[in-house]
$ cat upload_4.cif   # mmCIF, C-alpha atoms
data_data
#
loop_
_atom_site.group_PDB
_atom_site.id
_atom_site.type_symbol
_atom_site.label_atom_id
_atom_site.label_comp_id
_atom_site.auth_asym_id
_atom_site.auth_seq_id
_atom_site.Cartn_x
_atom_site.Cartn_y
_atom_site.Cartn_z
ATOM 1 C CA MET C 17 -239.958 52.365 65.531
ATOM 2 C CA SER C 18 -240.598 49.005 63.954
ATOM 3 C CA PRO C 19 -241.598 48.662 60.270
ATOM 4 C CA PHE C 20 -245.251 48.788 59.311
ATOM 5 C CA PRO C 21 -247.194 46.094 61.236
ATOM 6 C CA PRO C 22 -248.406 43.617 58.587
ATOM 7 C CA GLU C 23 -251.726 43.022 60.352
ATOM 8 C CA ARG C 24 -252.893 46.615 59.850
ATOM 9 C CA ARG C 25 -255.327 47.100 56.975
ATOM 10 C CA ALA C 26 -254.253 50.350 55.330
ATOM 11 C CA ASP C 27 -257.541 51.431 53.747
ATOM 12 C CA GLY C 28 -256.887 55.160 54.129
ATOM 13 C CA LEU C 29 -259.824 55.468 56.541
ATOM 14 C CA ALA C 30 -259.134 53.361 59.638
ATOM 15 C CA TYR C 31 -255.393 53.210 58.949
ATOM 16 C CA ALA C 32 -253.328 55.531 56.782
ATOM 17 C CA ASP C 33 -252.067 54.246 53.435
ATOM 18 C CA LEU C 34 -248.563 55.302 52.408
ATOM 19 C CA GLY C 35 -249.365 55.266 48.682
ATOM 20 C CA ARG C 36 -252.324 57.545 49.311
ATOM 21 C CA LEU C 37 -250.217 60.015 51.316
ATOM 22 C CA LEU C 38 -247.587 60.107 48.565
ATOM 23 C CA ALA C 39 -250.277 60.585 45.899
ATOM 24 C CA LEU C 40 -251.452 63.732 47.700
ATOM 25 C CA GLU C 41 -248.436 65.481 46.171
ATOM 26 C CA VAL C 42 -250.428 66.063 42.958
ATOM 27 C CA PRO C 43 -253.461 67.892 44.432
ATOM 28 C CA ALA C 44 -251.213 69.598 47.001
ATOM 29 C CA ARG C 45 -249.163 71.065 44.137
ATOM 30 C CA ARG C 46 -252.264 72.985 43.054
ATOM 31 C CA LEU C 47 -252.832 74.236 46.598
ATOM 32 C CA GLY C 48 -249.218 75.390 46.875
ATOM 33 C CA ALA C 49 -248.808 78.905 48.210
ATOM 34 C CA ARG C 50 -252.567 79.194 48.757
ATOM 35 C CA ILE C 51 -252.085 77.249 51.993
ATOM 36 C CA THR C 52 -249.902 80.156 53.075
ATOM 37 C CA ARG C 53 -252.730 82.554 52.272
ATOM 38 C CA LEU C 54 -255.216 80.352 54.152
ATOM 39 C CA ALA C 55 -253.127 80.675 57.287
ATOM 40 C CA ALA C 56 -252.556 84.378 56.623
ATOM 41 C CA ALA C 57 -256.311 84.967 56.348
ATOM 42 C CA SER C 58 -256.756 83.255 59.719
ATOM 43 C CA LEU C 59 -254.206 85.667 61.183
ATOM 44 C CA ILE C 60 -255.856 88.873 59.969
ATOM 45 C CA GLY C 61 -255.735 91.455 62.733
ATOM 46 C CA GLN C 62 -252.897 89.701 64.563
ATOM 47 C CA HIS C 63 -249.922 90.197 62.216
ATOM 48 C CA THR C 64 -248.993 92.891 59.737
ATOM 49 C CA SER C 65 -246.471 91.063 57.560
ATOM 50 C CA ALA C 66 -246.806 88.130 55.181
ATOM 51 C CA LEU C 67 -247.167 84.767 56.869
ATOM 52 C CA ARG C 68 -243.890 83.285 55.692
ATOM 53 C CA GLY C 69 -241.752 82.824 52.599
ATOM 54 C CA ARG C 70 -239.331 85.023 50.776
ATOM 55 C CA GLY C 71 -239.957 88.411 49.262
ATOM 56 C CA LEU C 72 -240.269 92.025 50.406
ATOM 57 C CA ASP C 73 -241.783 93.298 53.663
ATOM 58 C CA PHE C 74 -243.155 96.845 53.849
ATOM 59 C CA GLN C 75 -241.018 98.738 56.340
ATOM 60 C CA GLU C 76 -241.930 102.461 56.320
ATOM 61 C CA LEU C 77 -242.903 105.574 54.384
ATOM 62 C CA ARG C 78 -239.997 107.987 53.911
ATOM 63 C CA HIS C 79 -239.169 111.120 51.943
ATOM 64 C CA TYR C 80 -238.192 110.715 48.298
ATOM 65 C CA ARG C 81 -234.449 110.740 47.583
ATOM 66 C CA PRO C 82 -232.877 111.192 44.123
ATOM 67 C CA GLY C 83 -232.473 107.773 42.510
ATOM 68 C CA ASP C 84 -235.476 106.164 44.255
ATOM 69 C CA ASP C 85 -237.685 103.963 42.096
ATOM 70 C CA LEU C 86 -240.666 106.122 41.100
ATOM 71 C CA ARG C 87 -242.848 103.000 41.088
ATOM 72 C CA ARG C 88 -242.594 103.020 44.879
ATOM 73 C CA LEU C 89 -243.982 106.543 45.133
ATOM 74 C CA ASP C 90 -247.083 106.519 47.381
ATOM 75 C CA SER C 91 -249.413 108.939 45.608
ATOM 76 C CA ARG C 92 -252.025 109.120 48.362
ATOM 77 C CA ALA C 93 -249.481 109.791 51.107
ATOM 78 C CA THR C 94 -247.726 112.320 48.831
ATOM 79 C CA LEU C 95 -250.961 114.267 48.265
ATOM 80 C CA ARG C 96 -251.891 114.070 51.932
ATOM 81 C CA HIS C 97 -248.538 115.421 53.206
ATOM 82 C CA GLY C 98 -247.677 117.713 50.310
ATOM 83 C CA THR C 99 -244.227 116.172 49.820
ATOM 84 C CA PRO C 100 -243.040 113.142 47.790
ATOM 85 C CA LEU C 101 -243.109 109.967 49.912
ATOM 86 C CA VAL C 102 -241.980 106.503 48.853
ATOM 87 C CA ARG C 103 -242.584 103.076 50.323
ATOM 88 C CA SER C 104 -239.483 101.457 51.815
ATOM 89 C CA PHE C 105 -239.184 97.679 51.861
ATOM 90 C CA SER C 106 -236.889 95.231 53.603
ATOM 91 C CA GLU C 107 -235.939 91.760 52.447
ATOM 92 C CA GLU C 108 -238.041 89.159 54.234
ATOM 93 C CA ARG C 109 -236.020 86.270 55.593
ATOM 94 C CA GLU C 110 -237.069 82.695 55.010
ATOM 95 C CA ARG C 111 -239.452 81.147 57.512
ATOM 96 C CA PRO C 112 -239.487 77.340 57.295
ATOM 97 C CA ALA C 113 -242.663 75.483 58.219
ATOM 98 C CA LEU C 114 -242.953 72.849 60.937
ATOM 99 C CA ILE C 115 -245.868 70.408 60.716
ATOM 100 C CA TRP C 116 -246.739 68.856 64.081
ATOM 101 C CA VAL C 117 -249.055 65.788 63.803
ATOM 102 C CA ASP C 118 -250.765 64.075 66.753
ATOM 103 C CA GLN C 119 -251.009 60.257 66.657
ATOM 104 C CA ARG C 120 -251.864 59.585 70.318
ATOM 105 C CA MET C 121 -254.433 57.033 71.476
ATOM 106 C CA ASP C 122 -257.008 59.801 71.916
ATOM 107 C CA MET C 123 -256.894 60.210 68.134
ATOM 108 C CA PHE C 124 -257.806 56.556 67.550
ATOM 109 C CA PHE C 125 -261.541 57.218 67.278
ATOM 110 C CA GLY C 126 -264.075 57.887 64.572
ATOM 111 C CA SER C 127 -267.797 57.440 63.989
ATOM 112 C CA ARG C 128 -267.911 58.620 60.357
ATOM 113 C CA ARG C 129 -265.632 57.823 57.424
ATOM 114 C CA TYR C 130 -262.171 58.529 58.938
ATOM 115 C CA LEU C 131 -260.604 57.908 62.291
ATOM 116 C CA LYS C 132 -259.216 61.152 63.701
ATOM 117 C CA SER C 133 -255.699 59.710 63.556
ATOM 118 C CA THR C 134 -255.965 58.920 59.840
ATOM 119 C CA LEU C 135 -257.502 62.286 58.966
ATOM 120 C CA ALA C 136 -254.617 63.966 60.829
ATOM 121 C CA ALA C 137 -252.071 61.913 58.869
ATOM 122 C CA GLU C 138 -253.589 63.023 55.537
ATOM 123 C CA LEU C 139 -253.686 66.629 56.710
ATOM 124 C CA GLY C 140 -250.024 66.434 57.678
ATOM 125 C CA ALA C 141 -249.091 65.061 54.258
ATOM 126 C CA LEU C 142 -251.157 67.713 52.437
ATOM 127 C CA LEU C 143 -249.555 70.530 54.411
ATOM 128 C CA ALA C 144 -246.073 69.111 53.815
ATOM 129 C CA TRP C 145 -246.472 68.679 50.064
ATOM 130 C CA SER C 146 -248.177 72.058 49.559
ATOM 131 C CA THR C 147 -245.512 73.882 51.587
ATOM 132 C CA LEU C 148 -242.760 72.171 49.611
ATOM 133 C CA HIS C 149 -244.332 73.231 46.306
ATOM 134 C CA ALA C 150 -244.704 76.781 47.618
ATOM 135 C CA GLY C 151 -240.892 76.818 47.667
ATOM 136 C CA ASP C 152 -240.333 76.655 51.421
ATOM 137 C CA ARG C 153 -238.434 74.246 53.627
ATOM 138 C CA VAL C 154 -240.588 71.773 55.560
ATOM 139 C CA GLY C 155 -239.900 70.142 58.906
ATOM 140 C CA GLY C 156 -242.106 67.688 60.743
ATOM 141 C CA LEU C 157 -242.851 66.108 64.094
ATOM 142 C CA VAL C 158 -245.049 63.007 64.385
ATOM 143 C CA PHE C 159 -245.775 61.861 67.910
ATOM 144 C CA GLY C 160 -247.618 59.201 69.846
ATOM 145 C CA ASP C 161 -248.107 58.759 73.570
ATOM 146 C CA GLN C 162 -244.579 57.524 74.171
ATOM 147 C CA ASP C 163 -242.296 58.443 71.270
ATOM 148 C CA GLU C 164 -241.920 60.724 68.283
ATOM 149 C CA GLU C 165 -240.093 61.141 64.973
ATOM 150 C CA ARG C 166 -238.664 64.397 63.669
ATOM 151 C CA LEU C 167 -237.918 65.609 60.157
ATOM 152 C CA ARG C 168 -235.363 68.371 59.796
ATOM 153 C CA PRO C 169 -236.499 71.253 57.524
ATOM 154 C CA THR C 170 -235.867 70.306 53.905
ATOM 155 C CA ARG C 171 -236.791 71.167 50.321
ATOM 156 C CA ASN C 172 -236.094 67.630 49.187
ATOM 157 C CA PRO C 173 -239.155 65.570 48.109
ATOM 158 C CA ALA C 174 -237.394 62.524 49.576
ATOM 159 C CA GLY C 175 -237.672 64.205 52.971
ATOM 160 C CA ILE C 176 -241.432 64.616 52.570
ATOM 161 C CA ARG C 177 -241.713 60.951 51.583
ATOM 162 C CA ALA C 178 -239.822 60.076 54.778
ATOM 163 C CA PHE C 179 -242.257 62.255 56.743
ATOM 164 C CA CYS C 180 -245.217 60.395 55.174
ATOM 165 C CA ALA C 181 -243.611 57.070 56.131
ATOM 166 C CA ALA C 182 -243.253 58.308 59.726
ATOM 167 C CA LEU C 183 -246.932 59.293 59.716
ATOM 168 C CA VAL C 184 -247.874 55.768 58.632
ATOM 169 C CA ARG C 185 -245.617 54.092 61.209
ATOM 170 C CA HIS C 186 -247.164 55.997 64.088
ATOM 171 C CA ASN C 187 -250.661 55.629 62.665
ATOM 172 C CA HIS C 188 -250.313 51.859 62.320
ATOM 173 C CA ALA C 189 -248.963 51.566 65.869
ATOM 174 C CA LEU C 190 -252.398 52.550 67.199
ATOM 175 C CA ALA C 191 -254.731 49.747 68.282
ATOM 176 C CA ALA C 192 -257.669 49.263 70.627
ATOM 177 C CA ASP C 193 -255.471 47.242 72.986
ATOM 178 C CA GLY C 194 -252.690 49.832 72.955
ATOM 179 C CA GLU C 195 -251.215 51.659 75.920
ATOM 180 C CA PRO C 196 -253.497 54.198 77.679
ATOM 181 C CA ALA C 197 -253.322 57.799 76.500
ATOM 182 C CA ASN C 198 -250.668 60.025 78.062
ATOM 183 C CA GLY C 199 -252.518 63.190 79.103
ATOM 184 C CA ALA C 200 -249.300 65.131 79.734
ATOM 185 C CA ARG C 201 -247.879 64.465 76.272
ATOM 186 C CA LEU C 202 -249.314 67.565 74.568
ATOM 187 C CA ASN C 203 -247.628 70.009 76.928
ATOM 188 C CA GLN C 204 -244.373 68.029 77.020
ATOM 189 C CA LEU C 205 -243.933 68.419 73.273
ATOM 190 C CA LEU C 206 -244.911 72.094 73.257
ATOM 191 C CA GLU C 207 -242.256 72.663 75.924
ATOM 192 C CA ALA C 208 -239.745 70.872 73.701
ATOM 193 C CA LEU C 209 -240.619 73.221 70.819
ATOM 194 C CA LEU C 210 -239.674 76.164 73.013
ATOM 195 C CA GLY C 211 -236.201 74.657 73.272
ATOM 196 C CA VAL C 212 -235.663 74.761 69.505
ATOM 197 C CA PRO C 213 -233.430 77.774 68.740
ATOM 198 C CA GLU C 214 -234.833 78.498 65.258
ATOM 199 C CA ARG C 215 -237.315 81.376 65.167
ATOM 200 C CA GLY C 216 -239.705 82.976 62.720
ATOM 201 C CA GLY C 217 -241.219 79.858 61.165
ATOM 202 C CA GLN C 218 -244.790 78.788 60.443
ATOM 203 C CA LEU C 219 -246.036 76.177 62.874
ATOM 204 C CA TYR C 220 -248.992 73.955 61.931
ATOM 205 C CA LEU C 221 -250.479 72.017 64.877
ATOM 206 C CA VAL C 222 -252.648 69.077 63.729
ATOM 207 C CA SER C 223 -254.365 67.464 66.725
ATOM 208 C CA ASP C 224 -257.641 66.991 68.588
ATOM 209 C CA PHE C 225 -255.932 68.924 71.430
ATOM 210 C CA SER C 226 -256.937 66.387 74.046
ATOM 211 C CA GLY C 227 -255.260 67.435 77.291
ATOM 212 C CA CYS C 228 -255.338 71.134 76.380
ATOM 213 C CA ASP C 229 -255.352 73.225 79.570
ATOM 214 C CA GLU C 230 -254.082 76.479 81.063
ATOM 215 C CA ARG C 231 -250.493 75.280 80.725
ATOM 216 C CA THR C 232 -251.093 74.627 77.010
ATOM 217 C CA ARG C 233 -252.355 78.174 76.646
ATOM 218 C CA ASP C 234 -249.270 79.586 78.363
ATOM 219 C CA LEU C 235 -246.935 77.542 76.149
ATOM 220 C CA LEU C 236 -248.734 78.621 72.985
ATOM 221 C CA GLN C 237 -248.503 82.249 74.050
ATOM 222 C CA GLN C 238 -244.742 81.834 74.417
ATOM 223 C CA LEU C 239 -244.463 80.051 71.064
ATOM 224 C CA ARG C 240 -246.362 82.897 69.379
ATOM 225 C CA GLN C 241 -243.491 85.199 70.279
ATOM 226 C CA ARG C 242 -241.242 83.060 68.078
ATOM 227 C CA HIS C 243 -243.444 81.515 65.383
ATOM 228 C CA ARG C 244 -246.619 82.034 63.377
ATOM 229 C CA ILE C 245 -249.083 79.346 64.466
ATOM 230 C CA LEU C 246 -252.190 77.813 62.910
ATOM 231 C CA ALA C 247 -254.064 75.125 64.870
ATOM 232 C CA LEU C 248 -255.982 72.511 62.874
ATOM 233 C CA GLN C 249 -258.297 70.655 65.240
ATOM 234 C CA VAL C 250 -259.488 67.241 64.089
ATOM 235 C CA LEU C 251 -262.920 66.392 65.472
ATOM 236 C CA ASP C 252 -265.602 63.751 65.114
ATOM 237 C CA PRO C 253 -269.217 64.772 64.338
ATOM 238 C CA LEU C 254 -270.379 63.056 67.537
ATOM 239 C CA ALA C 255 -268.710 65.848 69.490
ATOM 240 C CA LEU C 256 -271.138 68.283 67.848
ATOM 241 C CA GLN C 257 -274.335 66.250 67.708
ATOM 242 C CA LEU C 258 -275.287 62.907 69.268
ATOM 243 C CA HIS C 259 -278.121 61.018 67.573
ATOM 244 C CA GLY C 260 -280.665 59.494 69.912
ATOM 245 C CA ASP C 261 -281.482 56.619 67.571
ATOM 246 C CA THR C 262 -277.907 55.311 67.453
ATOM 247 C CA PRO C 263 -276.367 53.240 70.278
ATOM 248 C CA LEU C 264 -272.877 54.271 71.325
ATOM 249 C CA ASN C 265 -270.455 51.473 72.202
ATOM 250 C CA LEU C 266 -267.173 52.563 73.729
ATOM 251 C CA SER C 267 -264.126 50.486 74.572
ATOM 252 C CA ASP C 268 -260.684 51.087 76.027
ATOM 253 C CA GLY C 269 -259.470 47.749 74.682
ATOM 254 C CA ASN C 270 -260.311 45.884 77.861
ATOM 255 C CA ALA C 271 -263.903 46.747 78.755
ATOM 256 C CA TRP C 272 -267.008 47.901 76.890
ATOM 257 C CA LEU C 273 -269.482 50.617 77.796
ATOM 258 C CA ASP C 274 -272.868 50.717 76.049
ATOM 259 C CA LEU C 275 -274.698 54.047 76.151
ATOM 260 C CA ASP C 276 -278.412 54.186 75.360
ATOM 261 C CA LEU C 277 -278.592 57.576 73.671
ATOM 262 C CA ARG C 278 -282.361 57.292 73.266
ATOM 263 C CA ARG C 279 -282.580 58.335 76.917
ATOM 264 C CA LYS C 280 -282.230 62.094 77.359
ATOM 265 C CA ALA C 281 -280.798 61.526 80.822
ATOM 266 C CA VAL C 282 -277.867 59.761 79.124
ATOM 267 C CA ARG C 283 -277.587 61.718 75.867
ATOM 268 C CA HIS C 284 -277.665 65.261 77.245
ATOM 269 C CA PRO C 285 -274.826 64.906 79.816
ATOM 270 C CA VAL C 286 -272.627 63.110 77.274
ATOM 271 C CA GLN C 287 -273.309 65.795 74.654
ATOM 272 C CA ALA C 288 -272.617 68.554 77.178
ATOM 273 C CA TYR C 289 -269.312 66.917 78.103
ATOM 274 C CA LEU C 290 -268.178 66.548 74.473
ATOM 275 C CA ARG C 291 -269.172 70.075 73.518
ATOM 276 C CA GLY C 292 -267.556 71.368 76.679
ATOM 277 C CA ARG C 293 -264.232 69.834 75.638
ATOM 278 C CA LEU C 294 -264.428 71.522 72.231
ATOM 279 C CA ASP C 295 -265.390 74.856 73.763
ATOM 280 C CA ALA C 296 -262.537 74.649 76.279
ATOM 281 C CA VAL C 297 -259.968 74.084 73.513
ATOM 282 C CA ALA C 298 -261.383 76.977 71.479
ATOM 283 C CA GLU C 299 -261.259 79.285 74.499
ATOM 284 C CA HIS C 300 -257.666 78.381 75.391
ATOM 285 C CA LEU C 301 -256.547 78.978 71.812
ATOM 286 C CA ARG C 302 -258.496 82.240 71.613
ATOM 287 C CA LEU C 303 -256.811 83.530 74.758
ATOM 288 C CA ALA C 304 -253.439 82.429 73.360
ATOM 289 C CA GLN C 305 -254.335 84.304 70.121
ATOM 290 C CA VAL C 306 -253.762 81.176 68.038
ATOM 291 C CA PRO C 307 -256.145 80.905 65.045
ATOM 292 C CA LEU C 308 -258.156 77.680 64.952
ATOM 293 C CA LEU C 309 -259.415 75.710 61.962
ATOM 294 C CA ARG C 310 -261.689 72.724 62.650
ATOM 295 C CA LEU C 311 -261.838 69.714 60.323
ATOM 296 C CA SER C 312 -264.306 66.847 60.574
ATOM 297 C CA THR C 313 -263.739 63.107 60.144
ATOM 298 C CA GLU C 314 -266.907 63.111 58.046
ATOM 299 C CA GLN C 315 -265.181 64.602 54.977
ATOM 300 C CA ALA C 316 -261.913 64.264 53.099
ATOM 301 C CA PRO C 317 -259.293 66.749 54.322
ATOM 302 C CA LEU C 318 -258.496 67.891 50.766
ATOM 303 C CA ASP C 319 -262.149 68.888 50.218
ATOM 304 C CA GLN C 320 -262.238 70.760 53.514
ATOM 305 C CA LEU C 321 -259.024 72.660 52.794
ATOM 306 C CA ARG C 322 -260.247 73.571 49.305
ATOM 307 C CA ARG C 323 -263.455 74.927 50.801
ATOM 308 C CA GLU C 324 -261.482 77.031 53.270
ATOM 309 C CA LEU C 325 -259.439 78.428 50.383
ATOM 310 C CA LEU C 326 -262.662 79.779 48.864
ATOM 311 C CA ARG C 327 -263.465 81.829 51.968
ATOM 312 C CA PRO C 328 -263.496 85.620 51.559
ATOM 313 C CA GLY C 329 -260.063 86.997 52.366
ATOM 314 C CA VAL C 330 -258.163 83.975 51.043
ATOM 315 C CA SER C 331 -256.868 84.944 47.590
ATOM 316 C CA ALA C 332 -256.111 82.313 44.944
#
$ encode --input "upload_4.cif" --output "structure tokens"
Amino acid sequence: MSPFPPERRADGLAYADLGRLLALEVPARRLGARITRLAAASLIGQHTSALRGRGLDFQELRHYRPGDDLRRLDSRATLRHGTPLVRSFSEERERPALIWVDQRMDMFFGSRRYLKSTLAAELGALLAWSTLHAGDRVGGLVFGDQDEERLRPTRNPAGIRAFCAALVRHNHALAADGEPANGARLNQLLEALLGVPERGGQLYLVSDFSGCDERTRDLLQQLRQRHRILALQVLDPLALQLHGDTPLNLSDGNAWLDLDLRRKAVRHPVQAYLRGRLDAVAEHLRLAQVPLLRLSTEQAPLDQLRRELLRPGVSA
């Protein structure tokens, strides 16, 4: 792609700012491995092992053999069965993380604080920096309606800086007079992920999931056989609640549509349509058994992630 378009005003709200994405390394360092636990808490009931990383996985209970480490003796199981039993562990192999960030035209919208595209870019940077500081390799995929950029898994901070630069390039390529959204793009890229031979990684999907359908659900079900997945859906508050005292002006870059939301006959169908889209995405992901975390353009992504880390079940 071309270098950053000079006409874009990188204020960190309408358009992503590279310096701001790089500066997220500092707060992300404090999040670190807790991002892993956030995803693990979302997966409770679906997986029995740790989300990713290196360490020891519990394998089985077996009878004590001379020379076994007594610290691995399971006292409760020993008392229950009347014979010494120890916990057996296996070495957990590394599971690199892939951060998948949507920068399609559908993301170029926002009624409060951030545009969805810019919030997604900051989320992608936060996830990348925090995963790096948790000691894991990080790969990335940033995509628009027509093209994409990939980052091979790395533990090099220079690689994360390159990922942030790719986020900014795609973010700054968005404009009101841009090409129409490609509705098939979401499924095309999920199909491409199935062609990647590497297995066992953590996959973060950052998107509004526009275009999500039955095919998306099928692809995610297949990907779940190979990766641990956490979906982070970026949404605008208007999708949850339309305000009748605020006019809504929509444009596709060529024409304008003014909606008088004071009229219930206008407001209610529009609200039902927007909520229906959110509900459909949630249902597809539920059926695919992919945990979903929603983040609003009304608040900074760092604040929202910190709040999620305070939820019960997410240890510090």
$ closest_residue --input "upload_4.cif" --among "C:Tyr130, C:Trp145, C:Phe125, C:Trp116" --to "Leu38 (chain C)" --atoms "all atoms listed in the file"
C:Trp145
$ closest_residue --input "upload_4.cif" --among "C:Pro307, C:Pro100, C:Pro196, C:Pro317" --to "Met123 (chain C)" --atoms "all atoms listed in the file"
C:Pro196
$ closest_residue --input "upload_4.cif" --among "C:Gln204, C:Thr232, C:Gln315, C:Thr170" --to "Arg153 (chain C)" --atoms "all atoms listed in the file"
C:Thr170
$ atom_distance --input "upload_4.cif" --atom1 "CA of Leu142 (chain C)" --atom2 "CA of Leu235 (chain C)"
26.0 Å
$ atom_distance --input "upload_4.cif" --atom1 "CA of Pro82 (chain C)" --atom2 "CA of Arg96 (chain C)"
20.8 Å
$ build_atoms --input "upload_4.cif" --residues "region 75-89 of chain C" --atoms "N, CA, C and O atoms" --output "PDB file, keeping the file's coordinate frame"
ATOM      1  N   GLN C  75    -241.710  98.290  55.132  1.00  0.00           N
ATOM      2  CA  GLN C  75    -241.018  98.738  56.340  1.00  0.00           C
ATOM      3  C   GLN C  75    -241.517 100.102  56.810  1.00  0.00           C
ATOM      4  O   GLN C  75    -241.905 100.263  57.956  1.00  0.00           O
ATOM      5  N   GLU C  76    -241.531 101.117  55.896  1.00  0.00           N
ATOM      6  CA  GLU C  76    -241.930 102.461  56.320  1.00  0.00           C
ATOM      7  C   GLU C  76    -242.171 103.340  55.102  1.00  0.00           C
ATOM      8  O   GLU C  76    -241.799 103.016  53.978  1.00  0.00           O
ATOM      9  N   LEU C  77    -242.820 104.502  55.371  1.00  0.00           N
ATOM     10  CA  LEU C  77    -242.903 105.574  54.384  1.00  0.00           C
ATOM     11  C   LEU C  77    -241.793 106.569  54.698  1.00  0.00           C
ATOM     12  O   LEU C  77    -241.592 106.938  55.860  1.00  0.00           O
ATOM     13  N   ARG C  78    -241.064 107.007  53.673  1.00  0.00           N
ATOM     14  CA  ARG C  78    -239.997 107.987  53.911  1.00  0.00           C
ATOM     15  C   ARG C  78    -239.978 108.987  52.761  1.00  0.00           C
ATOM     16  O   ARG C  78    -240.596 108.783  51.700  1.00  0.00           O
ATOM     17  N   HIS C  79    -239.267 110.078  52.974  1.00  0.00           N
ATOM     18  CA  HIS C  79    -239.169 111.120  51.943  1.00  0.00           C
ATOM     19  C   HIS C  79    -238.409 110.609  50.718  1.00  0.00           C
ATOM     20  O   HIS C  79    -237.473 109.804  50.836  1.00  0.00           O
ATOM     21  N   TYR C  80    -238.837 111.080  49.561  1.00  0.00           N
ATOM     22  CA  TYR C  80    -238.192 110.715  48.298  1.00  0.00           C
ATOM     23  C   TYR C  80    -236.753 111.222  48.269  1.00  0.00           C
ATOM     24  O   TYR C  80    -236.453 112.346  48.701  1.00  0.00           O
ATOM     25  N   ARG C  81    -235.850 110.348  47.780  1.00  0.00           N
ATOM     26  CA  ARG C  81    -234.449 110.740  47.583  1.00  0.00           C
ATOM     27  C   ARG C  81    -234.091 110.513  46.123  1.00  0.00           C
ATOM     28  O   ARG C  81    -234.581 109.548  45.503  1.00  0.00           O
ATOM     29  N   PRO C  82    -233.260 111.373  45.539  1.00  0.00           N
ATOM     30  CA  PRO C  82    -232.877 111.192  44.123  1.00  0.00           C
ATOM     31  C   PRO C  82    -232.360 109.774  43.880  1.00  0.00           C
ATOM     32  O   PRO C  82    -231.542 109.256  44.645  1.00  0.00           O
ATOM     33  N   GLY C  83    -232.872 109.133  42.825  1.00  0.00           N
ATOM     34  CA  GLY C  83    -232.473 107.773  42.510  1.00  0.00           C
ATOM     35  C   GLY C  83    -233.472 106.731  42.968  1.00  0.00           C
ATOM     36  O   GLY C  83    -233.389 105.562  42.572  1.00  0.00           O
ATOM     37  N   ASP C  84    -234.452 107.112  43.820  1.00  0.00           N
ATOM     38  CA  ASP C  84    -235.476 106.164  44.255  1.00  0.00           C
ATOM     39  C   ASP C  84    -236.342 105.733  43.084  1.00  0.00           C
ATOM     40  O   ASP C  84    -236.584 106.511  42.142  1.00  0.00           O
ATOM     41  N   ASP C  85    -236.800 104.496  43.132  1.00  0.00           N
ATOM     42  CA  ASP C  85    -237.685 103.963  42.096  1.00  0.00           C
ATOM     43  C   ASP C  85    -239.031 104.679  42.184  1.00  0.00           C
ATOM     44  O   ASP C  85    -239.723 104.617  43.211  1.00  0.00           O
ATOM     45  N   LEU C  86    -239.411 105.367  41.100  1.00  0.00           N
ATOM     46  CA  LEU C  86    -240.666 106.122  41.100  1.00  0.00           C
ATOM     47  C   LEU C  86    -241.888 105.211  41.236  1.00  0.00           C
ATOM     48  O   LEU C  86    -242.964 105.672  41.626  1.00  0.00           O
ATOM     49  N   ARG C  87    -241.721 103.920  40.937  1.00  0.00           N
ATOM     50  CA  ARG C  87    -242.848 103.000  41.088  1.00  0.00           C
ATOM     51  C   ARG C  87    -243.225 102.800  42.550  1.00  0.00           C
ATOM     52  O   ARG C  87    -244.307 102.316  42.857  1.00  0.00           O
ATOM     53  N   ARG C  88    -242.304 103.166  43.454  1.00  0.00           N
ATOM     54  CA  ARG C  88    -242.594 103.020  44.879  1.00  0.00           C
ATOM     55  C   ARG C  88    -243.134 104.312  45.494  1.00  0.00           C
ATOM     56  O   ARG C  88    -243.311 104.392  46.705  1.00  0.00           O
ATOM     57  N   LEU C  89    -243.395 105.297  44.652  1.00  0.00           N
ATOM     58  CA  LEU C  89    -243.982 106.543  45.133  1.00  0.00           C
ATOM     59  C   LEU C  89    -245.403 106.277  45.606  1.00  0.00           C
ATOM     60  O   LEU C  89    -246.212 105.681  44.887  1.00  0.00           O
TER      61      LEU C  89
END
